[in-house]
$ cat target-v7.txt   # compact mmCIF, C-alpha atoms and all ligand atoms
# COMPACT_ATOMS: atom_id res chain seq x y z
CA MET H 1 161.56 121.40 62.85
CA HIS H 2 162.22 119.12 59.97
CA ASP H 3 160.09 118.72 56.85
CA VAL H 4 156.96 120.01 58.58
CA HIS H 5 153.77 120.04 56.53
CA HIS H 6 150.37 121.09 57.80
CA ALA H 7 146.89 121.16 56.25
CA TYR H 8 143.54 122.47 57.39
CA ASP H 9 140.59 120.72 55.71
CA ASN H 10 142.96 119.11 53.20
CA ILE H 11 144.39 122.46 52.16
CA GLU H 12 148.14 122.53 52.78
CA VAL H 13 149.16 125.78 54.49
CA VAL H 14 152.68 124.75 55.60
CA SER H 15 154.93 122.87 53.16
CA GLY H 16 158.26 121.23 53.91
CA VAL H 17 159.54 123.63 56.55
CA ASP H 18 162.98 123.07 58.09
CA LEU H 19 163.85 125.44 60.90
CA THR H 20 166.22 125.49 63.86
CA VAL H 21 166.61 127.98 66.69
CA ALA H 22 169.84 127.82 68.67
CA PRO H 23 170.05 128.55 72.41
CA GLY H 24 170.08 132.31 72.94
CA GLU H 25 169.16 133.00 69.32
CA VAL H 26 166.24 135.17 68.17
CA VAL H 27 164.74 133.86 64.93
CA CYS H 28 161.93 135.80 63.26
CA LEU H 29 159.35 134.08 61.10
CA LEU H 30 158.49 136.83 58.67
CA GLY H 31 155.95 136.85 55.87
CA PRO H 32 152.70 138.23 54.53
CA SER H 33 149.37 137.52 56.18
CA GLY H 34 148.19 133.93 55.81
CA CYS H 35 151.57 132.44 54.84
CA GLY H 36 151.53 129.98 57.75
CA LYS H 37 153.64 131.69 60.43
CA THR H 38 151.19 131.28 63.28
CA THR H 39 150.51 127.69 62.32
CA LEU H 40 154.22 126.88 62.65
CA LEU H 41 154.37 128.59 66.03
CA ARG H 42 151.31 126.67 67.24
CA ILE H 43 152.90 123.40 66.11
CA ALA H 44 156.07 124.29 68.02
CA ALA H 45 154.00 125.10 71.11
CA GLY H 46 152.00 121.88 70.88
CA LEU H 47 148.73 123.76 70.37
CA GLU H 48 148.44 122.13 66.94
CA ALA H 49 149.20 118.44 66.37
CA LEU H 50 152.14 117.67 64.11
CA GLN H 51 150.78 116.09 60.91
CA HIS H 52 154.03 115.47 59.04
CA GLY H 53 157.73 115.83 59.76
CA SER H 54 159.51 115.95 63.09
CA LEU H 55 159.91 118.38 65.96
CA ALA H 56 162.54 118.35 68.69
CA LEU H 57 163.10 120.67 71.63
CA GLU H 58 166.42 120.68 73.42
CA GLY H 59 167.37 117.49 71.61
CA GLN H 60 164.22 115.66 72.63
CA GLN H 61 161.63 114.55 70.09
CA VAL H 62 158.39 116.17 71.31
CA ALA H 63 156.07 115.34 68.44
CA ALA H 64 155.77 112.84 65.64
CA PRO H 65 152.86 112.37 63.23
CA GLY H 66 150.15 110.01 64.43
CA ARG H 67 151.63 109.68 67.92
CA ARG H 68 150.69 111.39 71.17
CA HIS H 69 152.74 114.50 71.54
CA LEU H 70 154.14 116.21 74.58
CA PRO H 71 151.43 118.67 75.75
CA PRO H 72 152.22 122.41 75.69
CA GLU H 73 152.59 122.71 79.46
CA ARG H 74 155.34 120.07 79.50
CA ARG H 75 157.38 121.52 76.62
CA ASN H 76 159.33 124.13 78.55
CA VAL H 77 158.18 126.86 76.18
CA GLY H 78 156.99 130.38 77.03
CA LEU H 79 154.13 131.80 74.99
CA ALA H 80 153.17 135.42 74.39
CA PHE H 81 150.65 136.42 71.77
CA GLN H 82 149.33 139.69 70.40
CA ASP H 83 146.52 139.85 72.94
CA SER H 84 147.93 137.73 75.72
CA ALA H 85 145.23 137.85 78.39
CA LEU H 86 146.46 138.31 81.95
CA PHE H 87 144.57 136.73 84.84
CA PRO H 88 142.27 139.60 85.88
CA HIS H 89 141.89 138.48 89.50
CA LEU H 90 145.66 138.32 90.14
CA SER H 91 148.05 141.20 90.77
CA VAL H 92 150.82 141.90 88.27
CA LEU H 93 153.38 140.06 90.40
CA ASP H 94 151.06 137.09 90.94
CA ASN H 95 150.47 136.92 87.20
CA VAL H 96 154.22 136.77 86.57
CA THR H 97 154.89 134.16 89.27
CA PHE H 98 151.87 132.02 88.33
CA GLY H 99 153.99 129.38 86.63
CA LEU H 100 156.52 129.21 89.49
CA ARG H 101 154.38 127.57 92.13
CA GLN H 102 156.96 124.84 92.66
CA LEU H 103 159.45 127.43 94.00
CA PRO H 104 159.51 128.69 97.61
CA THR H 105 157.55 131.95 97.95
CA ARG H 106 160.63 134.11 98.45
CA ASP H 107 162.44 132.78 95.35
CA ARG H 108 159.27 133.11 93.33
CA GLN H 109 158.82 136.74 94.32
CA ARG H 110 162.49 137.54 93.76
CA ARG H 111 162.41 136.11 90.25
CA GLY H 112 159.11 137.83 89.42
CA MET H 113 160.37 141.20 90.66
CA LYS H 114 163.63 140.88 88.73
CA LEU H 115 161.76 140.34 85.45
CA LEU H 116 159.37 143.19 86.22
CA GLU H 117 162.36 145.44 86.85
CA GLN H 118 163.99 144.39 83.57
CA LEU H 119 160.79 145.24 81.74
CA GLY H 120 160.29 148.54 83.59
CA MET H 121 157.22 147.34 85.51
CA ALA H 122 158.48 146.93 89.09
CA ASP H 123 156.36 149.87 90.33
CA TYR H 124 153.22 148.09 89.21
CA ALA H 125 153.80 144.78 90.99
CA LYS H 126 150.78 145.16 93.26
CA VAL H 127 148.25 146.58 90.81
CA TYR H 128 145.68 144.58 88.83
CA PRO H 129 145.70 144.13 85.05
CA HIS H 130 142.66 146.36 84.40
CA MET H 131 144.64 149.30 85.81
CA LEU H 132 147.37 148.92 83.15
CA SER H 133 147.66 150.29 79.62
CA GLY H 134 147.88 147.86 76.69
CA GLY H 135 151.64 148.28 76.50
CA GLN H 136 152.07 147.66 80.21
CA GLN H 137 149.92 144.54 79.99
CA GLN H 138 152.08 143.30 77.14
CA ARG H 139 155.22 143.77 79.25
CA VAL H 140 153.63 141.77 82.07
CA ALA H 141 152.63 139.03 79.61
CA LEU H 142 156.24 138.82 78.44
CA ALA H 143 157.51 138.67 82.02
CA ARG H 144 155.00 135.89 82.78
CA ALA H 145 156.15 133.90 79.74
CA LEU H 146 159.82 134.36 80.68
CA ALA H 147 159.42 133.61 84.40
CA PRO H 148 159.77 129.80 84.33
CA GLY H 149 163.01 130.18 82.34
CA PRO H 150 161.71 128.40 79.23
CA GLY H 151 164.14 126.83 76.78
CA LEU H 152 162.16 128.41 73.95
CA MET H 153 160.09 131.60 73.82
CA LEU H 154 157.34 131.70 71.21
CA LEU H 155 156.11 135.21 70.47
CA ASP H 156 153.30 135.84 67.98
CA GLU H 157 153.09 139.48 66.87
CA PRO H 158 153.58 140.53 70.51
CA PHE H 159 153.89 144.23 69.69
CA SER H 160 151.32 144.67 66.95
CA SER H 161 148.51 146.04 69.12
CA LEU H 162 150.72 148.89 70.37
CA ASP H 163 151.10 152.33 68.85
CA ALA H 164 154.36 153.08 67.04
CA ARG H 165 156.34 154.87 69.76
CA LEU H 166 155.37 152.51 72.52
CA ARG H 167 156.09 149.57 70.24
CA ASP H 168 159.65 150.74 69.59
CA GLN H 169 160.30 151.05 73.31
CA ILE H 170 158.83 147.66 74.23
CA ARG H 171 160.61 145.97 71.35
CA ASP H 172 163.88 147.38 72.57
CA ASP H 173 163.28 146.32 76.19
CA THR H 174 162.13 142.87 75.06
CA LEU H 175 165.21 142.34 72.92
CA HIS H 176 167.51 143.20 75.82
CA VAL H 177 165.66 140.94 78.26
CA LEU H 178 165.63 138.03 75.79
CA LYS H 179 169.37 138.41 75.31
CA GLN H 180 170.01 138.75 79.05
CA VAL H 181 168.10 135.60 79.93
CA GLY H 182 169.53 133.82 76.89
CA ALA H 183 166.22 132.33 75.77
CA ALA H 184 165.96 130.81 72.31
CA THR H 185 163.17 132.78 70.68
CA LEU H 186 160.91 132.25 67.69
CA LEU H 187 159.06 135.48 66.94
CA VAL H 188 156.31 135.83 64.34
CA THR H 189 155.91 139.14 62.57
CA HIS H 190 154.74 140.49 59.23
CA ASP H 191 156.83 143.66 59.68
CA PRO H 192 160.25 143.49 57.98
CA GLU H 193 161.69 146.31 60.07
CA GLU H 194 160.62 144.58 63.26
CA ALA H 195 162.22 141.36 62.05
CA MET H 196 165.47 143.15 61.23
CA PHE H 197 165.45 144.91 64.60
CA MET H 198 164.81 141.77 66.64
CA ALA H 199 166.34 138.90 64.71
CA ASP H 200 169.69 137.18 64.67
CA ARG H 201 168.21 135.25 61.75
CA ILE H 202 165.08 135.73 59.68
CA ALA H 203 163.09 132.99 57.96
CA LEU H 204 161.03 134.67 55.26
CA MET H 205 157.89 132.71 54.29
CA ARG H 206 155.48 132.77 51.39
CA ASP H 207 152.55 130.41 50.78
CA GLY H 208 153.57 127.97 53.49
CA ARG H 209 157.22 127.69 52.47
CA ILE H 210 160.40 129.28 53.72
CA VAL H 211 161.81 131.27 50.82
CA GLN H 212 165.11 132.30 52.42
CA THR H 213 166.70 131.99 55.85
CA GLY H 214 169.63 134.10 56.95
CA THR H 215 170.82 137.09 58.92
CA PRO H 216 169.04 140.38 58.28
CA TRP H 217 172.08 141.41 56.21
CA GLU H 218 171.90 138.26 54.09
CA LEU H 219 168.22 138.73 53.30
CA TYR H 220 168.55 142.44 52.57
CA CYS H 221 171.84 142.39 50.69
CA THR H 222 171.85 138.93 49.07
CA PRO H 223 168.17 138.20 48.36
CA CYS H 224 167.60 134.89 46.58
CA GLU H 225 164.56 135.97 44.55
CA PRO H 226 162.51 139.07 43.66
CA PHE H 227 159.97 138.41 46.42
CA VAL H 228 162.70 138.79 49.04
CA VAL H 229 163.85 142.11 47.55
CA SER H 230 160.39 143.63 47.40
CA PHE H 231 159.25 142.31 50.80
CA PHE H 232 161.72 144.63 52.50
CA GLY H 233 160.33 147.76 50.88
CA GLU H 234 159.54 149.64 47.73
CA VAL H 235 161.77 148.88 44.73
CA ASN H 236 162.27 150.47 41.32
CA GLU H 237 161.77 147.70 38.82
CA LEU H 238 162.86 147.64 35.16
CA GLN H 239 163.05 145.06 32.40
CA GLY H 240 165.81 144.84 29.84
CA GLU H 241 167.62 142.56 27.44
CA VAL H 242 171.02 141.12 28.29
CA ARG H 243 173.57 142.40 25.76
CA GLU H 244 177.26 141.64 26.13
CA GLY H 245 176.57 140.57 29.70
CA LYS H 246 174.90 143.83 30.67
CA VAL H 247 171.44 145.34 30.90
CA ALA H 248 171.08 148.98 29.88
CA THR H 249 168.85 151.05 32.16
CA PRO H 250 168.13 154.80 32.22
CA VAL H 251 170.45 155.03 35.22
CA GLY H 252 173.36 153.14 33.77
CA GLN H 253 174.49 149.67 32.80
CA VAL H 254 174.06 146.80 35.17
CA ASP H 255 176.04 143.56 35.17
CA ALA H 256 174.00 140.49 34.13
CA SER H 257 176.84 138.35 32.86
CA TRP H 258 175.44 135.20 34.51
CA LEU H 259 172.26 135.43 32.40
CA PRO H 260 172.05 134.09 28.82
CA GLU H 261 172.88 136.60 26.12
CA GLY H 262 169.68 138.02 24.63
CA SER H 263 167.46 136.91 27.53
CA GLN H 264 165.14 139.26 29.37
CA ALA H 265 166.29 140.41 32.79
CA ARG H 266 164.43 141.94 35.68
CA VAL H 267 166.40 144.70 37.38
CA MET H 268 165.42 145.72 40.93
CA ILE H 269 166.90 148.94 42.31
CA ARG H 270 166.23 150.00 45.89
CA PRO H 271 165.38 153.71 46.22
CA GLU H 272 168.49 154.22 48.35
CA ALA H 273 170.66 152.81 45.55
CA LEU H 274 170.05 155.93 43.42
CA ILE H 275 172.70 158.52 44.20
CA ILE H 276 171.42 161.92 43.15
CA GLN H 277 173.49 165.03 42.46
CA GLU H 278 172.06 168.34 41.39
CA ARG H 279 173.40 169.73 38.09
CA LYS H 280 174.31 173.39 37.96
CA ASP H 281 173.37 173.76 34.28
CA ASP H 282 170.53 172.21 32.27
CA ALA H 283 167.77 173.58 34.54
CA GLY H 284 164.44 173.11 32.77
CA ASP H 285 165.92 170.74 30.18
CA HIS H 286 163.55 167.79 30.08
CA GLN H 287 165.90 165.71 27.94
CA VAL H 288 168.07 165.08 31.01
CA SER H 289 167.17 163.34 34.25
CA HIS H 290 165.22 165.70 36.47
CA VAL H 291 163.19 165.95 39.65
CA LEU H 292 159.41 165.58 39.36
CA MET H 293 158.65 165.97 43.05
CA ALA H 294 160.50 165.92 46.38
CA LYS H 295 158.89 165.01 49.72
CA LEU H 296 160.34 165.09 53.21
CA LEU H 297 159.49 161.85 55.02
CA GLY H 298 161.30 162.69 58.26
CA ARG H 299 164.50 160.68 58.47
CA SER H 300 164.81 160.73 54.69
CA SER H 301 163.60 162.56 51.60
CA LEU H 302 161.78 160.83 48.76
CA LEU H 303 162.48 162.11 45.26
CA HIS H 304 160.32 161.28 42.25
CA ILE H 305 162.77 161.33 39.37
CA CYS H 306 162.30 161.21 35.64
CA ALA H 307 165.44 159.27 34.66
CA HIS H 308 166.79 159.62 31.11
CA GLY H 309 169.17 157.03 29.76
CA ALA H 310 171.98 157.61 27.27
CA SER H 311 170.04 155.87 24.51
CA GLY H 312 166.83 157.74 25.17
CA GLN H 313 165.11 155.37 27.65
CA GLU H 314 163.04 157.13 30.24
CA SER H 315 161.65 155.91 33.54
CA HIS H 316 159.86 157.27 36.58
CA MET H 317 161.88 156.22 39.63
CA HIS H 318 161.91 156.83 43.34
CA ALA H 319 165.10 157.80 45.14
CA ARG H 320 165.47 157.89 48.92
CA VAL H 321 168.08 160.23 50.30
CA PRO H 322 168.97 160.46 54.02
CA GLY H 323 168.02 163.68 55.80
CA VAL H 324 166.54 166.81 54.21
CA PHE H 325 167.19 166.99 50.47
CA LEU H 326 164.44 168.75 48.59
CA PRO H 327 165.52 169.95 45.14
CA ALA H 328 162.99 172.00 43.18
CA THR H 329 160.70 170.43 40.61
CA GLY H 330 162.48 170.41 37.25
CA GLN H 331 165.96 170.43 38.80
CA ALA H 332 168.37 168.57 36.51
CA VAL H 333 170.24 165.77 38.25
CA ASP H 334 173.02 163.26 37.66
CA ILE H 335 172.21 159.77 38.86
CA SER H 336 174.69 157.07 39.76
CA LEU H 337 174.09 153.67 41.34
CA ASP H 338 175.14 152.00 44.56
CA LEU H 339 175.36 148.55 42.99
CA SER H 340 175.17 146.78 46.35
CA GLN H 341 171.45 147.60 46.39
CA VAL H 342 170.74 146.62 42.79
CA PHE H 343 169.62 143.07 41.99
CA VAL H 344 169.21 141.24 38.70
CA PHE H 345 166.99 138.20 38.11
CA PRO H 346 165.80 136.40 35.04
CA SER H 347 162.47 137.79 33.85
CA LEU H 348 159.39 135.78 34.76
CA GLY H 349 159.15 132.79 32.46
CA ALA H 350 162.83 132.99 31.65
CA GLY H 351 163.84 130.23 34.06
CA THR H 352 163.92 130.03 37.81
CA ARG H 353 167.56 130.47 38.68
CA ALA H 354 167.81 132.81 41.64
CA ALA H 355 169.89 135.94 41.69
CA HIS H 356 172.48 134.31 43.92
CA GLY H 357 175.69 134.04 42.02
CA ASP H 358 179.14 133.35 43.32
CA THR H 359 179.68 136.99 44.19
CA GLN H 360 177.70 140.05 45.09
CA GLN H 361 178.21 141.37 41.57
CA ASP H 362 176.29 138.40 40.21
CA HIS H 363 172.91 139.86 41.02
CA ARG H 364 172.28 143.36 39.89
CA GLU H 365 169.01 144.87 38.77
CA TYR H 366 166.36 147.65 38.90
CA ALA H 367 162.49 148.15 39.69
CA HIS H 368 159.28 149.58 41.13
CA SER H 369 157.22 147.00 42.92
CA HIS H 370 155.50 146.12 46.18
CA ASP H 371 154.54 142.54 45.40
CA GLY H 372 155.61 141.22 48.78
CA GLN H 373 153.80 143.76 50.96
N1 LIG S 1 142.05 126.62 62.37
C1 LIG S 1 142.09 126.83 61.06
N2 LIG S 1 141.23 126.24 60.22
C2 LIG S 1 141.29 126.42 58.88
N3 LIG S 1 142.19 127.22 58.26
C3 LIG S 1 143.07 127.86 59.04
C4 LIG S 1 143.07 127.72 60.48
N4 LIG S 1 144.07 128.48 60.97
C5 LIG S 1 144.68 129.08 59.92
N5 LIG S 1 144.07 128.72 58.76
C6 LIG S 1 144.48 129.13 57.42
O1 LIG S 1 145.82 128.71 57.24
C7 LIG S 1 146.58 129.69 56.54
C8 LIG S 1 147.78 130.09 57.37
O2 LIG S 1 147.33 130.74 58.53
P1 LIG S 1 148.32 131.32 59.63
O3 LIG S 1 147.48 131.94 60.72
O4 LIG S 1 149.27 130.26 60.02
O5 LIG S 1 149.08 132.43 58.80
P2 LIG S 1 149.91 133.70 59.31
O6 LIG S 1 151.07 133.81 58.38
O7 LIG S 1 150.19 133.57 60.76
O8 LIG S 1 148.91 134.88 59.04
P3 LIG S 1 148.65 136.23 59.91
O9 LIG S 1 149.92 137.02 59.84
O10 LIG S 1 147.50 136.86 59.19
O11 LIG S 1 148.30 135.77 61.29
C9 LIG S 1 145.62 130.82 56.24
O12 LIG S 1 145.14 130.67 54.94
C10 LIG S 1 144.50 130.63 57.25
O13 LIG S 1 143.29 131.11 56.74
$ encode --input "target-v7.txt" --output "structure tokens"
Amino acid sequence: MHDVHHAYDNIEVVSGVDLTVAPGEVVCLLGPSGCGKTTLLRIAAGLEALQHGSLALEGQQVAAPGRRHLPPERRNVGLAFQDSALFPHLSVLDNVTFGLRQLPTRDRQRRGMKLLEQLGMADYAKVYPHMLSGGQQQRVALARALAPGPGLMLLDEPFSSLDARLRDQIRDDTLHVLKQVGAATLLVTHDPEEAMFMADRIALMRDGRIVQTGTPWELYCTPCEPFVVSFFGEVNELQGEVREGKVATPVGQVDASWLPEGSQARVMIRPEALIIQERKDDAGDHQVSHVLMAKLLGRSSLLHICAHGASGQESHMHARVPGVFLPATGQAVDISLDLSQVFVFPSLGAGTRAAHGDTQQDHREYAHSHDGQ
């Protein structure tokens, strides 16, 4: 896709999107509700006419504004949506082989059965859709979309109607099948964890634009703006003035040497960036950093901390610690920072330069926000 714009009733909902998906690559379009993800997928599928820009599939121009475009059924794309309806009057196997009518019966059945096996549904080949659970129906819908061997798979929130445990399992199976068949895949989701689990690359959108494209690591560890940091989860957020290239926070100094001296900086600190150690002495001393509350969340523990800085600053922060770590309320703690999960940006109104510097150290900060979720 190149420079794609799209408007409904003169309101632009997609603005200047450039996006490529390589053969065998899984790209996730990630973003909050209403940011234009589904619209882009529908344009790729041919369900929505291209209004502006260009769109090519396998090197062939399939749509151009104001011209007749290649219809969806001739695009060699496989579609699976959140509530993909199966044909109720056809068996599971007949649903999967529906798009393979040009093949001899035996080849058709062999291909259908292979996909059903890969998705754990071979035992259900002869049953009808109404006899399946939602998760099983979703597996069949995926097999049906994959059966013709499409050059591009377009998946719109395909797991969102499933409960958490089933979703994890089907996601996992789907990822393996997509990689085995080598389909290029564009998957829409609003769930950052799902995107990180599935994607080779993520394109994060906001208000019709792609904010950042990159590997899950690039988006999580080198976010280009505050929205990208906070979209991937809760963040401790602080403001401070740049002095001698640093911002002082209650949990230590943070490098901001790329920002103008005296300017206001926005420091974003992921909860896992706070490294907490219990102090033997100072119990009950509220002039030092201490625990306000500790909660076990399962795989990790969440600590509410009252952080005290050397020059008297104080801040309520959240720390996430792997496993079970539940210090008592009032426990004095030492806090240090994993700077790889701390990001610094200019404060709002202080210019628009992103946190990307030449090196990792160029963007360090600290915060408490959910503005992307
Ligand atoms: N057919 C339509 N007519 C008018 N407006 C539409 C239409 N389809 C979508 N919109 C609007 O376009 C914007 C983008 O919608 P889109 O469905 O592409 O977003 P999304 O990111 O997929 O959201 P969600 O995750 O909630 O599905 C929204 O503001 C939506 O209300």
$ residues_around --input "target-v7.txt" --residues "Arg75 (chain H)" --least-positions-apart "6" --cutoff "12 Å" --atoms "all atoms listed in the file" --output "list in words"
Ile43, Ala44, Ala45, Gly46, Leu47, Leu55, Ala56, Leu57, Glu58, Gly59, Gln60, Gln61, Val62, Ala63, His69, Pro148, Gly149, Pro150, Gly151, Leu152, Met153 and Leu154 of chain H
$ residues_near_ligand --input "target-v7.txt" --ligand "ligand LIG 1 (chain S)" --cutoff "10 Å" --atoms "only C-alpha atoms and all ligand atoms" --output "number ranges by chain"
H: 6-14, 29-43, 48, 82, 156-157, 188-191, 205-208
$ closest_residue --input "target-v7.txt" --among "H:Leu93, H:Ala265, H:Ala85, H:Val21" --to "Ser347 (chain H)" --atoms "all atoms listed in the file"
H:Ala265
$ atom_distance --input "target-v7.txt" --atom1 "CA of Phe343 (chain H)" --atom2 "CA of Val251 (chain H)"
13.8 Å
$ atom_distance --input "target-v7.txt" --atom1 "CA of Glu278 (chain H)" --atom2 "CA of Asp255 (chain H)"
25.9 Å
$ residues_around --input "target-v7.txt" --residues "Thr249 (chain H)" --least-positions-apart "5" --cutoff "8 Å" --atoms "all atoms listed in the file" --output "number ranges by chain"
H: 238, 240, 254, 309, 313, 366
$ closest_residue --input "target-v7.txt" --among "H:Asp163, H:Gly112, H:Val27, H:Glu225" --to "Leu175 (chain H)" --atoms "all atoms listed in the file"
H:Val27
$ atom_distance --input "target-v7.txt" --atom1 "CA of Phe87 (chain H)" --atom2 "CA of Lys126 (chain H)"
13.4 Å
$ residues_around --input "target-v7.txt" --residues "Ile210 (chain H)" --least-positions-apart "6" --cutoff "9 Å" --atoms "all atoms listed in the file" --output "number ranges by chain"
H: 15-19, 29, 203-204
$ closest_residue --input "target-v7.txt" --among "H:Ala49, H:Leu115, H:Cys306, H:Val267" --to "Val288 (chain H)" --atoms "only C-alpha atoms"
H:Cys306
$ closest_residue --input "target-v7.txt" --among "H:Gly99, H:Ile335, H:Val229, H:Pro104" --to "Asn76 (chain H)" --atoms "only C-alpha atoms"
H:Gly99
$ closest_residue --input "target-v7.txt" --among "H:Gln341, H:Leu162, H:Gln212, H:Lys280" --to "Val235 (chain H)" --atoms "all atoms listed in the file"
H:Gln341
$ closest_residue --input "target-v7.txt" --among "H:Leu274, H:Met317, H:Leu259, H:Ser340" --to "Glu218 (chain H)" --atoms "all atoms listed in the file"
H:Ser340
$ residues_near_point --input "target-v7.txt" --point "(174.2, 141.9, 31.6)" --cutoff "9 Å" --atoms "only C-alpha atoms" --output "ChimeraX atom specification"
/H:241-248,253-261,265,344,364
$ decode --input "target-v7.txt" --residues "region 25-82 of chain H" --atoms "C-alpha atoms" --output "mmCIF file, in the first residue's frame"
data_model
loop_
_atom_site.group_PDB
_atom_site.id
_atom_site.type_symbol
_atom_site.label_atom_id
_atom_site.label_comp_id
_atom_site.auth_asym_id
_atom_site.auth_seq_id
_atom_site.Cartn_x
_atom_site.Cartn_y
_atom_site.Cartn_z
ATOM 1 C CA GLU H 25 5.691 -12.406 6.917
ATOM 2 C CA VAL H 26 3.069 -11.745 9.605
ATOM 3 C CA VAL H 27 2.374 -8.027 9.979
ATOM 4 C CA CYS H 28 -0.016 -6.841 12.686
ATOM 5 C CA LEU H 29 -2.003 -3.651 12.299
ATOM 6 C CA LEU H 30 -2.339 -2.576 15.901
ATOM 7 C CA GLY H 31 -4.176 0.385 17.357
ATOM 8 C CA PRO H 32 -7.068 1.633 19.451
ATOM 9 C CA SER H 33 -10.669 1.220 18.375
ATOM 10 C CA GLY H 34 -11.658 3.389 15.424
ATOM 11 C CA CYS H 35 -8.122 4.186 14.229
ATOM 12 C CA GLY H 36 -8.768 2.753 10.753
ATOM 13 C CA LYS H 37 -7.358 -0.786 10.938
ATOM 14 C CA THR H 38 -10.389 -2.566 9.523
ATOM 15 C CA THR H 39 -10.761 0.017 6.787
ATOM 16 C CA LEU H 40 -7.206 -0.707 5.613
ATOM 17 C CA LEU H 41 -7.863 -4.434 5.654
ATOM 18 C CA ARG H 42 -11.075 -3.978 3.659
ATOM 19 C CA ILE H 43 -9.209 -1.880 1.095
ATOM 20 C CA ALA H 44 -6.574 -4.616 0.788
ATOM 21 C CA ALA H 45 -9.311 -7.221 0.330
ATOM 22 C CA GLY H 46 -11.142 -5.158 -2.280
ATOM 23 C CA LEU H 47 -14.247 -4.854 -0.102
ATOM 24 C CA GLU H 48 -13.716 -1.090 -0.030
ATOM 25 C CA ALA H 49 -12.775 0.890 -3.152
ATOM 26 C CA LEU H 50 -9.373 2.574 -3.095
ATOM 27 C CA GLN H 51 -9.943 6.351 -2.994
ATOM 28 C CA HIS H 52 -6.344 7.559 -3.009
ATOM 29 C CA GLY H 53 -2.906 5.985 -3.316
ATOM 30 C CA SER H 54 -1.938 2.655 -4.810
ATOM 31 C CA LEU H 55 -2.253 -1.005 -3.922
ATOM 32 C CA ALA H 56 -0.312 -3.928 -5.365
ATOM 33 C CA LEU H 57 -0.486 -7.633 -4.627
ATOM 34 C CA GLU H 58 2.341 -9.900 -5.682
ATOM 35 C CA GLY H 59 3.739 -7.116 -7.821
ATOM 36 C CA GLN H 60 0.481 -6.513 -9.648
ATOM 37 C CA GLN H 61 -1.437 -3.256 -9.311
ATOM 38 C CA VAL H 62 -4.900 -4.351 -8.123
ATOM 39 C CA ALA H 63 -6.493 -0.995 -7.409
ATOM 40 C CA ALA H 64 -6.100 2.620 -8.398
ATOM 41 C CA PRO H 65 -8.372 5.540 -7.516
ATOM 42 C CA GLY H 66 -11.238 6.124 -9.928
ATOM 43 C CA ARG H 67 -10.580 2.924 -11.880
ATOM 44 C CA ARG H 68 -12.276 -0.465 -11.688
ATOM 45 C CA HIS H 69 -10.427 -2.610 -9.241
ATOM 46 C CA LEU H 70 -9.790 -6.310 -9.160
ATOM 47 C CA PRO H 71 -12.743 -7.843 -7.243
ATOM 48 C CA PRO H 72 -12.031 -9.622 -3.932
ATOM 49 C CA GLU H 73 -12.534 -13.123 -5.345
ATOM 50 C CA ARG H 74 -9.820 -12.558 -7.955
ATOM 51 C CA ARG H 75 -7.207 -11.138 -5.573
ATOM 52 C CA ASN H 76 -5.794 -14.391 -4.239
ATOM 53 C CA VAL H 77 -6.432 -13.307 -0.660
ATOM 54 C CA GLY H 78 -7.857 -15.352 2.220
ATOM 55 C CA LEU H 79 -10.206 -13.603 4.626
ATOM 56 C CA ALA H 80 -11.077 -14.495 8.205
ATOM 57 C CA PHE H 81 -12.948 -12.117 10.455
ATOM 58 C CA GLN H 82 -13.985 -12.106 14.095
#
